[in-house]
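*Asks:* The file below is upload.cif, mmCIF, C-alpha atoms and all ligand atoms:
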data_input
loop_
_atom_site.label_atom_id
_atom_site.label_comp_id
_atom_site.auth_asym_id
_atom_site.auth_seq_id
_atom_site.Cartn_x
_atom_site.Cartn_y
_atom_site.Cartn_z
CA MET A 1003 -6.61 28.63 18.94
CA GLY A 1004 -6.64 25.26 20.71
CA ARG A 1005 -5.04 22.16 19.28
CA ARG A 1006 -6.94 19.47 17.36
CA MET A 1007 -8.52 16.80 19.58
CA ILE A 1008 -8.24 13.32 18.17
CA PHE A 1009 -9.73 9.97 19.17
CA ALA A 1010 -8.11 7.14 17.23
CA GLY A 1011 -8.85 3.42 17.30
CA ASN A 1012 -6.18 0.89 16.37
CA TRP A 1013 -7.88 -2.42 15.61
CA LYS A 1014 -4.56 -4.23 15.13
CA MET A 1015 -4.99 -7.73 13.63
CA ASN A 1016 -8.57 -8.25 14.79
CA LYS A 1017 -12.04 -8.77 13.28
CA CYS A 1018 -13.41 -10.72 10.34
CA PHE A 1019 -14.63 -8.61 7.45
CA GLN A 1020 -18.30 -8.59 8.45
CA GLU A 1021 -17.43 -7.74 12.05
CA ALA A 1022 -15.26 -4.87 10.86
CA ILE A 1023 -18.11 -3.46 8.78
CA GLU A 1024 -20.52 -3.79 11.70
CA LEU A 1025 -18.11 -2.07 14.07
CA THR A 1026 -17.69 0.78 11.57
CA ASN A 1027 -21.47 1.17 11.19
CA ASP A 1028 -21.98 1.11 14.97
CA ILE A 1029 -19.33 3.78 15.52
CA ILE A 1030 -20.82 6.02 12.83
CA SER A 1031 -24.37 5.64 14.10
CA GLY A 1032 -23.41 5.98 17.77
CA LEU A 1033 -21.61 9.30 17.45
CA ASP A 1034 -23.43 12.23 19.07
CA ASP A 1035 -22.55 15.79 18.29
CA ILE A 1036 -18.86 15.71 19.18
CA GLY A 1037 -18.07 19.28 18.19
CA GLU A 1038 -14.55 19.58 16.89
CA ARG A 1039 -13.33 16.21 18.08
CA GLU A 1040 -11.88 14.09 15.29
CA VAL A 1041 -12.29 10.32 15.01
CA ILE A 1042 -9.89 8.11 13.07
CA ILE A 1043 -10.08 4.32 12.81
CA PHE A 1044 -7.26 2.01 11.78
CA PRO A 1045 -8.72 -1.29 10.54
CA PRO A 1046 -6.60 -4.08 9.05
CA SER A 1047 -5.46 -2.88 5.62
CA ILE A 1048 -7.33 -5.59 3.76
CA TYR A 1049 -10.64 -3.96 4.78
CA VAL A 1050 -9.63 -0.36 4.35
CA LYS A 1051 -11.22 0.32 0.96
CA GLU A 1052 -14.69 -0.87 2.00
CA ILE A 1053 -14.47 0.93 5.30
CA ILE A 1054 -13.48 4.18 3.59
CA ASP A 1055 -16.59 3.82 1.45
CA LYS A 1056 -18.74 3.33 4.58
CA CYS A 1057 -17.23 6.41 6.19
CA LYS A 1058 -17.80 8.71 3.21
CA ASN A 1059 -19.82 11.78 4.24
CA THR A 1060 -19.32 11.01 7.93
CA ILE A 1061 -16.83 12.55 10.31
CA VAL A 1062 -14.96 9.28 10.71
CA GLU A 1063 -11.58 9.19 8.97
CA VAL A 1064 -9.68 6.04 8.11
CA GLY A 1065 -6.01 5.14 8.24
CA VAL A 1066 -3.71 2.15 7.94
CA GLN A 1067 -1.58 0.60 10.65
CA ASN A 1068 1.68 0.47 8.71
CA ILE A 1069 3.30 1.19 5.35
CA TYR A 1070 6.54 0.29 3.65
CA TYR A 1071 8.61 3.25 2.52
CA LYS A 1072 8.98 2.37 -1.17
CA LYS A 1073 6.47 3.28 -3.83
CA GLU A 1074 6.33 -0.17 -5.49
CA GLY A 1075 8.46 -3.18 -6.34
CA ALA A 1076 9.52 -6.62 -5.17
CA PHE A 1077 8.54 -6.29 -1.50
CA THR A 1078 6.24 -9.25 -0.94
CA GLY A 1079 3.57 -8.66 1.66
CA GLU A 1080 4.09 -4.93 2.04
CA ILE A 1081 1.79 -2.05 1.13
CA SER A 1082 3.07 1.24 -0.17
CA PRO A 1083 2.14 4.83 0.67
CA MET A 1084 1.08 5.30 -2.95
CA MET A 1085 -1.46 2.45 -2.62
CA VAL A 1086 -2.77 3.79 0.66
CA LYS A 1087 -3.24 7.24 -0.85
CA ASP A 1088 -4.82 5.74 -3.95
CA VAL A 1089 -7.64 4.05 -1.99
CA GLY A 1090 -8.35 7.25 -0.09
CA ALA A 1091 -6.92 6.62 3.37
CA LYS A 1092 -5.56 9.76 4.97
CA TYR A 1093 -3.63 8.58 8.01
CA VAL A 1094 -0.95 6.04 8.82
CA LEU A 1095 0.40 4.78 12.13
CA ILE A 1096 4.18 4.73 12.07
CA GLY A 1097 6.49 3.17 14.63
CA HIS A 1098 3.78 1.52 16.71
CA SER A 1099 5.42 -0.38 19.56
CA GLU A 1100 4.34 -3.72 18.08
CA ARG A 1101 6.08 -2.79 14.82
CA ARG A 1102 9.20 -1.85 16.76
CA HIS A 1103 9.25 -4.71 19.26
CA VAL A 1104 7.58 -7.63 17.46
CA PHE A 1105 8.80 -6.87 13.93
CA GLY A 1106 12.11 -5.22 14.79
CA GLU A 1107 11.54 -1.81 13.23
CA THR A 1108 14.36 0.59 14.03
CA ASN A 1109 14.38 4.37 14.37
CA ASP A 1110 15.88 4.42 10.85
CA ASP A 1111 12.94 2.45 9.44
CA VAL A 1112 10.57 4.79 11.21
CA GLU A 1113 12.34 7.81 9.75
CA ARG A 1114 12.05 6.42 6.20
CA LYS A 1115 8.37 5.67 6.70
CA VAL A 1116 7.59 9.14 8.06
CA LYS A 1117 9.32 10.65 5.03
CA ALA A 1118 7.45 8.34 2.65
CA ALA A 1119 4.12 9.21 4.27
CA PHE A 1120 4.69 12.94 3.74
CA GLU A 1121 5.87 12.34 0.19
CA TYR A 1122 2.43 10.86 -0.58
CA ASN A 1123 0.49 13.43 1.44
CA LEU A 1124 -0.52 10.97 4.12
CA ASN A 1125 -0.73 12.19 7.70
CA PRO A 1126 1.49 10.10 9.97
CA ILE A 1127 0.75 9.36 13.59
CA LEU A 1128 4.25 8.83 14.90
CA CYS A 1129 4.20 6.46 17.88
CA VAL A 1130 6.91 6.71 20.51
CA GLY A 1131 7.33 5.29 23.99
CA GLU A 1132 9.75 3.68 26.37
CA LEU A 1133 9.99 0.11 27.65
CA LEU A 1134 9.42 -0.64 31.33
CA GLU A 1135 13.13 -1.26 31.80
CA ASP A 1136 13.91 2.17 30.29
CA ARG A 1137 11.50 3.79 32.77
CA GLU A 1138 12.95 1.85 35.70
CA LYS A 1139 16.45 3.00 34.76
CA GLY A 1140 15.29 6.62 34.44
CA LEU A 1141 15.83 6.58 30.68
CA SER A 1142 12.31 7.42 29.46
CA ASP A 1143 13.20 10.95 28.35
CA ASP A 1144 16.36 9.86 26.51
CA VAL A 1145 14.61 7.03 24.66
CA VAL A 1146 11.62 9.10 23.61
CA LYS A 1147 13.74 12.10 22.63
CA LYS A 1148 15.87 9.90 20.37
CA GLN A 1149 12.76 8.34 18.79
CA VAL A 1150 11.32 11.78 18.03
CA GLN A 1151 14.58 13.31 16.81
CA GLU A 1152 15.46 10.41 14.55
CA ALA A 1153 11.98 10.05 13.07
CA LEU A 1154 11.86 13.73 12.16
CA LYS A 1155 15.35 14.08 10.72
CA ASP A 1156 14.99 16.12 7.51
CA ILE A 1157 11.24 16.72 7.89
CA SER A 1158 10.43 20.28 6.88
CA GLU A 1159 8.41 22.79 8.87
CA GLU A 1160 5.72 22.64 6.23
CA ASN A 1161 5.27 18.88 6.56
CA ILE A 1162 5.53 18.83 10.31
CA GLN A 1163 2.26 20.74 10.52
CA ASN A 1164 0.45 17.58 9.47
CA LEU A 1165 2.12 15.37 12.04
CA ILE A 1166 0.41 13.80 15.02
CA ILE A 1167 2.43 12.14 17.78
CA ALA A 1168 1.19 9.33 20.02
CA TYR A 1169 3.03 8.79 23.28
CA GLU A 1170 2.50 5.11 24.05
CA PRO A 1171 4.63 3.73 26.87
CA VAL A 1172 5.27 0.11 25.92
CA TRP A 1173 4.55 -1.06 29.48
CA ALA A 1174 1.02 0.35 29.19
CA ILE A 1175 0.03 -1.13 25.83
CA GLY A 1176 -2.40 -4.01 26.14
CA THR A 1177 -1.43 -4.56 29.78
CA GLY A 1178 -4.28 -2.84 31.60
CA LYS A 1179 -1.61 -0.72 33.36
CA VAL A 1180 -2.46 2.78 32.20
CA ALA A 1181 0.01 5.62 32.79
CA THR A 1182 -1.19 8.06 35.41
CA PRO A 1183 -2.43 11.35 33.95
CA GLU A 1184 0.58 13.03 35.60
CA ILE A 1185 3.13 10.68 33.98
CA ALA A 1186 1.47 11.09 30.58
CA GLU A 1187 1.25 14.87 30.99
CA SER A 1188 4.91 15.20 31.87
CA MET A 1189 6.00 13.01 28.93
CA HIS A 1190 3.79 15.00 26.56
CA HIS A 1191 5.32 18.20 27.89
CA PHE A 1192 8.78 16.75 27.33
CA ILE A 1193 7.89 15.71 23.75
CA ARG A 1194 6.59 19.20 23.04
CA LYS A 1195 9.83 20.68 24.36
CA THR A 1196 11.76 18.34 22.06
CA LEU A 1197 9.66 19.55 19.10
CA MET A 1198 10.30 23.13 20.14
CA ASN A 1199 14.04 22.55 20.04
CA LEU A 1200 13.79 20.84 16.64
CA TYR A 1201 11.45 23.45 15.09
CA ASN A 1202 10.02 26.41 16.98
CA ASP A 1203 7.59 27.18 19.76
CA LYS A 1204 4.65 27.98 17.48
CA LEU A 1205 4.87 24.73 15.53
CA ALA A 1206 5.48 22.69 18.66
CA GLN A 1207 2.34 24.13 20.24
CA GLU A 1208 0.22 23.11 17.25
CA ILE A 1209 1.12 19.44 16.99
CA PRO A 1210 -1.44 17.15 18.66
CA ILE A 1211 0.07 14.65 21.09
CA LEU A 1212 -2.16 11.68 21.89
CA TYR A 1213 -1.76 9.27 24.77
CA GLY A 1214 -2.04 5.51 24.16
CA GLY A 1215 -1.80 2.52 26.48
CA SER A 1216 -4.76 0.74 28.13
CA VAL A 1217 -7.14 3.67 27.67
CA SER A 1218 -10.68 2.72 28.70
CA PRO A 1219 -13.97 4.40 29.57
CA ASP A 1220 -12.88 4.15 33.23
CA ASN A 1221 -9.66 6.11 32.92
CA ILE A 1222 -10.27 8.49 30.00
CA LYS A 1223 -11.61 11.35 32.14
CA GLY A 1224 -8.42 11.82 34.15
CA LEU A 1225 -6.21 11.58 31.08
CA TYR A 1226 -8.29 13.89 28.93
CA SER A 1227 -8.45 16.53 31.65
CA MET A 1228 -4.72 17.19 31.22
CA ASN A 1229 -3.70 20.21 29.14
CA GLU A 1230 -1.07 18.44 27.09
CA ILE A 1231 -3.19 15.40 26.22
CA ASP A 1232 -4.89 16.18 22.91
CA GLY A 1233 -6.70 12.87 22.53
CA VAL A 1234 -5.99 9.18 22.66
CA LEU A 1235 -4.91 6.22 20.56
CA VAL A 1236 -6.98 3.28 21.75
CA GLY A 1237 -6.29 -0.39 21.08
CA GLY A 1238 -8.40 -3.00 22.95
CA ALA A 1239 -11.20 -0.63 23.93
CA SER A 1240 -11.68 0.45 20.29
CA LEU A 1241 -12.77 -3.06 19.30
CA LYS A 1242 -16.22 -2.59 20.85
CA SER A 1243 -18.34 0.31 19.69
CA LYS A 1244 -19.71 0.99 23.17
CA SER A 1245 -16.37 1.43 24.87
CA PHE A 1246 -14.87 3.39 21.97
CA LEU A 1247 -17.91 5.70 21.85
CA ASP A 1248 -17.84 6.19 25.63
CA ILE A 1249 -14.21 7.26 25.32
CA ILE A 1250 -14.94 9.65 22.45
CA HIS A 1251 -17.86 11.23 24.32
CA VAL A 1252 -15.89 11.92 27.51
CA ASP A 1253 -16.53 15.33 29.13
CA ARG A 1254 -13.63 17.72 29.40
C1 LIG A 1301 -2.41 0.57 20.85
O1 LIG A 1301 -2.53 -0.44 20.19
O2 LIG A 1301 -1.93 1.58 20.32
C2 LIG A 1301 -2.83 0.56 22.25
C3 LIG A 1301 -2.63 1.63 22.96
O3 LIG A 1301 -3.42 -0.59 22.74
P1 LIG A 1301 -4.26 -0.73 24.12
O4 LIG A 1301 -5.21 0.42 24.18
O5 LIG A 1301 -4.94 -2.04 24.00
O6 LIG A 1301 -3.27 -0.69 25.24
#
For the file at hand, write its structure as structure tokens.
*Replies:*
Amino acid sequence: MGRRMIFAGNWKMNKCFQEAIELTNDIISGLDDIGEREVIIFPPSIYVKEIIDKCKNTIVEVGVQNIYYKKEGAFTGEISPMMVKDVGAKYVLIGHSERRHVFGETNDDVERKVKAAFEYNLNPILCVGELLEDREKGLSDDVVKKQVQEALKDISEENIQNLIIAYEPVWAIGTGKVATPEIAESMHHFIRKTLMNLYNDKLAQEIPILYGGSVSPDNIKGLYSMNEIDGVLVGGASLKSKSFLDIIHVDR
């Protein structure tokens, strides 16, 4: 059996409410028969409830871009996994490069959030990826391996089955400098080997690994033709229905 194929759109901190609703409607109405491909959108959390309602009875799933790891309490400005679950979102991005590099999230924070997501039956998309300076020093494998190992400390085999990983080299995010299909493929292969060492071959083969970083309708074909690339996490190009739909409808 092949792995799940996932096309995810991270809207980051963009769109007014009405624009977000229109984008959701346009994505839903523009989807052709996409077979077993899965579509997940990550709007700003403040819109999530309404967008989940719009997506009911469609194939589009909805997630949030971040959670805190506590259930509730005096944590001004944060949202908890319990709240996310309660409004019906199913997915959560964890460890996105902007969380790590703009907001200073550490591998420890990421580990706590992954654990919290599983505790509330949310499906995490764990984002990992090296900085340009790591790549230039030949440290990409070490950095990514550490991110994966630390995030998954104490995560059981049962939970891991609901994990998705996104390999997003930081130098490719929002820069227009997409990784070549060969670089992405070899990093995905390396991540899968890391999962194999942490768990076992069967589980490692089942976990979808998405590529993210300047994906567009112009470069999706090459990326998606690679065996180890099970879909994409799209930022900028997911903000317009046409480009997101063109990406989702790519031939393989
Ligand atoms: C992202 O936000 O996860 C991302 C990959 O952004 P972009 O596609 O704009 O590089």
*Asks:* Around ligand LIG 1301 (chain A), at most 8 Å away and counting all atoms listed in the file, which residues are there? Put them as a list in words, please.
*Replies:*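 Counting only what the definition allows, namely all atoms listed in the file, the set is Gly1011, Asn1012, Trp1013, Lys1014, His1098, Ser1099, Glu1100, Glu1170, Ala1174, Ile1175, Gly1176, Thr1177, Gly1178, Val1180, Tyr1213, Gly1214, Gly1215, Ser1216, Val1217, Ser1218, Leu1235, Val1236, Gly1237, Gly1238, Ala1239 and Ser1240 of chain A.
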*Asks:* Selection from above, C-alpha atoms, as a compact mmCIF listing (two decimals), keeping the file's coordinate frame, can you write it?
*Replies:*
# COMPACT_ATOMS: atom_id res chain seq x y z
CA GLY A 1011 -8.85 3.42 17.30
CA ASN A 1012 -6.18 0.89 16.37
CA TRP A 1013 -7.88 -2.42 15.61
CA LYS A 1014 -4.56 -4.23 15.13
CA HIS A 1098 3.78 1.52 16.71
CA SER A 1099 5.42 -0.38 19.56
CA GLU A 1100 4.34 -3.72 18.08
CA GLU A 1170 2.50 5.11 24.05
CA ALA A 1174 1.02 0.35 29.19
CA ILE A 1175 0.03 -1.13 25.83
CA GLY A 1176 -2.40 -4.01 26.14
CA THR A 1177 -1.43 -4.56 29.78
CA GLY A 1178 -4.28 -2.84 31.60
CA VAL A 1180 -2.46 2.78 32.20
CA TYR A 1213 -1.76 9.27 24.77
CA GLY A 1214 -2.04 5.51 24.16
CA GLY A 1215 -1.80 2.52 26.48
CA SER A 1216 -4.76 0.74 28.13
CA VAL A 1217 -7.14 3.67 27.67
CA SER A 1218 -10.68 2.72 28.70
CA LEU A 1235 -4.91 6.22 20.56
CA VAL A 1236 -6.98 3.28 21.75
CA GLY A 1237 -6.29 -0.39 21.08
CA GLY A 1238 -8.40 -3.00 22.95
CA ALA A 1239 -11.20 -0.63 23.93
CA SER A 1240 -11.68 0.45 20.29
*Asks:* Please list as an mmCIF file with C-alpha atoms, keeping the file's coordinate frame every residue within 10 Å of Asp1220 in chain A, counting only C-alpha atoms and excluding residues in the same chain fewer than 2 positions away.
*Replies:*
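Listing of out.cif after writing:
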data_model
loop_
_atom_site.group_PDB
_atom_site.id
_atom_site.type_symbol
_atom_site.label_atom_id
_atom_site.label_comp_id
_atom_site.auth_asym_id
_atom_site.auth_seq_id
_atom_site.Cartn_x
_atom_site.Cartn_y
_atom_site.Cartn_z
ATOM 1 C CA VAL A 1217 -7.140 3.670 27.670
ATOM 2 C CA SER A 1218 -10.680 2.720 28.700
ATOM 3 C CA ILE A 1222 -10.270 8.490 30.000
ATOM 4 C CA LYS A 1223 -11.610 11.350 32.140
ATOM 5 C CA GLY A 1224 -8.420 11.820 34.150
ATOM 6 C CA SER A 1245 -16.370 1.430 24.870
ATOM 7 C CA ASP A 1248 -17.840 6.190 25.630
ATOM 8 C CA ILE A 1249 -14.210 7.260 25.320
#
*Asks:* Of the residues A:Ile1211, A:Val1089, A:Val1104, A:Val1094, which is the one nearest to Val1130 in chain A, using all atoms listed in the file?
*Replies:*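 Checking each of A:Ile1211, A:Val1089, A:Val1104, A:Val1094 against Val1130 in chain A, counting all atoms listed in the file, the winner is A:Ile1211.
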*Asks:* Please determine, counting only C-alpha atoms, which residue among A:Val1050, A:Ile1250, A:Leu1165, A:Leu1197 has the shortest atom-to-atom distance to Ile1127 in chain A.
*Replies:*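 Closest to Ile1127 in chain A of all the choices is A:Leu1165.
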*Asks:* Could you check how far CA of Asn1221 in chain A sits from CA of Glu1187 in chain A, in Å to one decimal?
*Replies:*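 So the answer is 14.1 Å.
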*Asks:* Work out how far CA of Leu1095 in chain A is from CA of Trp1173 in chain A, in Å to one decimal.
*Replies:*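 Between CA of Trp1173 in chain A and CA of Leu1095 in chain A the gap works out to 18.8 Å.
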*Asks:* Write out as a PyMOL selection string the residues lying within 9 Å of Lys1155 in chain A, counting all atoms listed in the file and excluding same-chain residues fewer than 3 positions away.
*Replies:* chain A and resi 1113+1117+1150-1152+1158
*Asks:* So that I can check the surroundings of range 1063-1077 of chain A, please list as a PDB file with C-alpha atoms, in the coordinates of the input every protein, DNA and RNA residue that reaches within 6 Å of it, counting all atoms listed in the file and ignoring chain neighbours fewer than 5 positions away.
*Replies:*
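Now in result19.pdb:
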ATOM      1  CA  ILE A1042      -9.890   8.110  13.070  1.00  0.00           C
ATOM      2  CA  ILE A1043     -10.080   4.320  12.810  1.00  0.00           C
ATOM      3  CA  PHE A1044      -7.260   2.010  11.780  1.00  0.00           C
ATOM      4  CA  SER A1047      -5.460  -2.880   5.620  1.00  0.00           C
ATOM      5  CA  SER A1082       3.070   1.240  -0.170  1.00  0.00           C
ATOM      6  CA  MET A1084       1.080   5.300  -2.950  1.00  0.00           C
ATOM      7  CA  ALA A1091      -6.920   6.620   3.370  1.00  0.00           C
ATOM      8  CA  LYS A1092      -5.560   9.760   4.970  1.00  0.00           C
ATOM      9  CA  TYR A1093      -3.630   8.580   8.010  1.00  0.00           C
ATOM     10  CA  VAL A1094      -0.950   6.040   8.820  1.00  0.00           C
ATOM     11  CA  LEU A1095       0.400   4.780  12.130  1.00  0.00           C
ATOM     12  CA  ILE A1096       4.180   4.730  12.070  1.00  0.00           C
ATOM     13  CA  ARG A1114      12.050   6.420   6.200  1.00  0.00           C
ATOM     14  CA  LYS A1115       8.370   5.670   6.700  1.00  0.00           C
ATOM     15  CA  ALA A1118       7.450   8.340   2.650  1.00  0.00           C
TER      16      ALA A1118
END
*Asks:* Between CA of Asp1111 in chain A and CA of Val1145 in chain A, measure the distance and give it in Å to one decimal.
*Replies:*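 These two atoms are separated by 16.0 Å.
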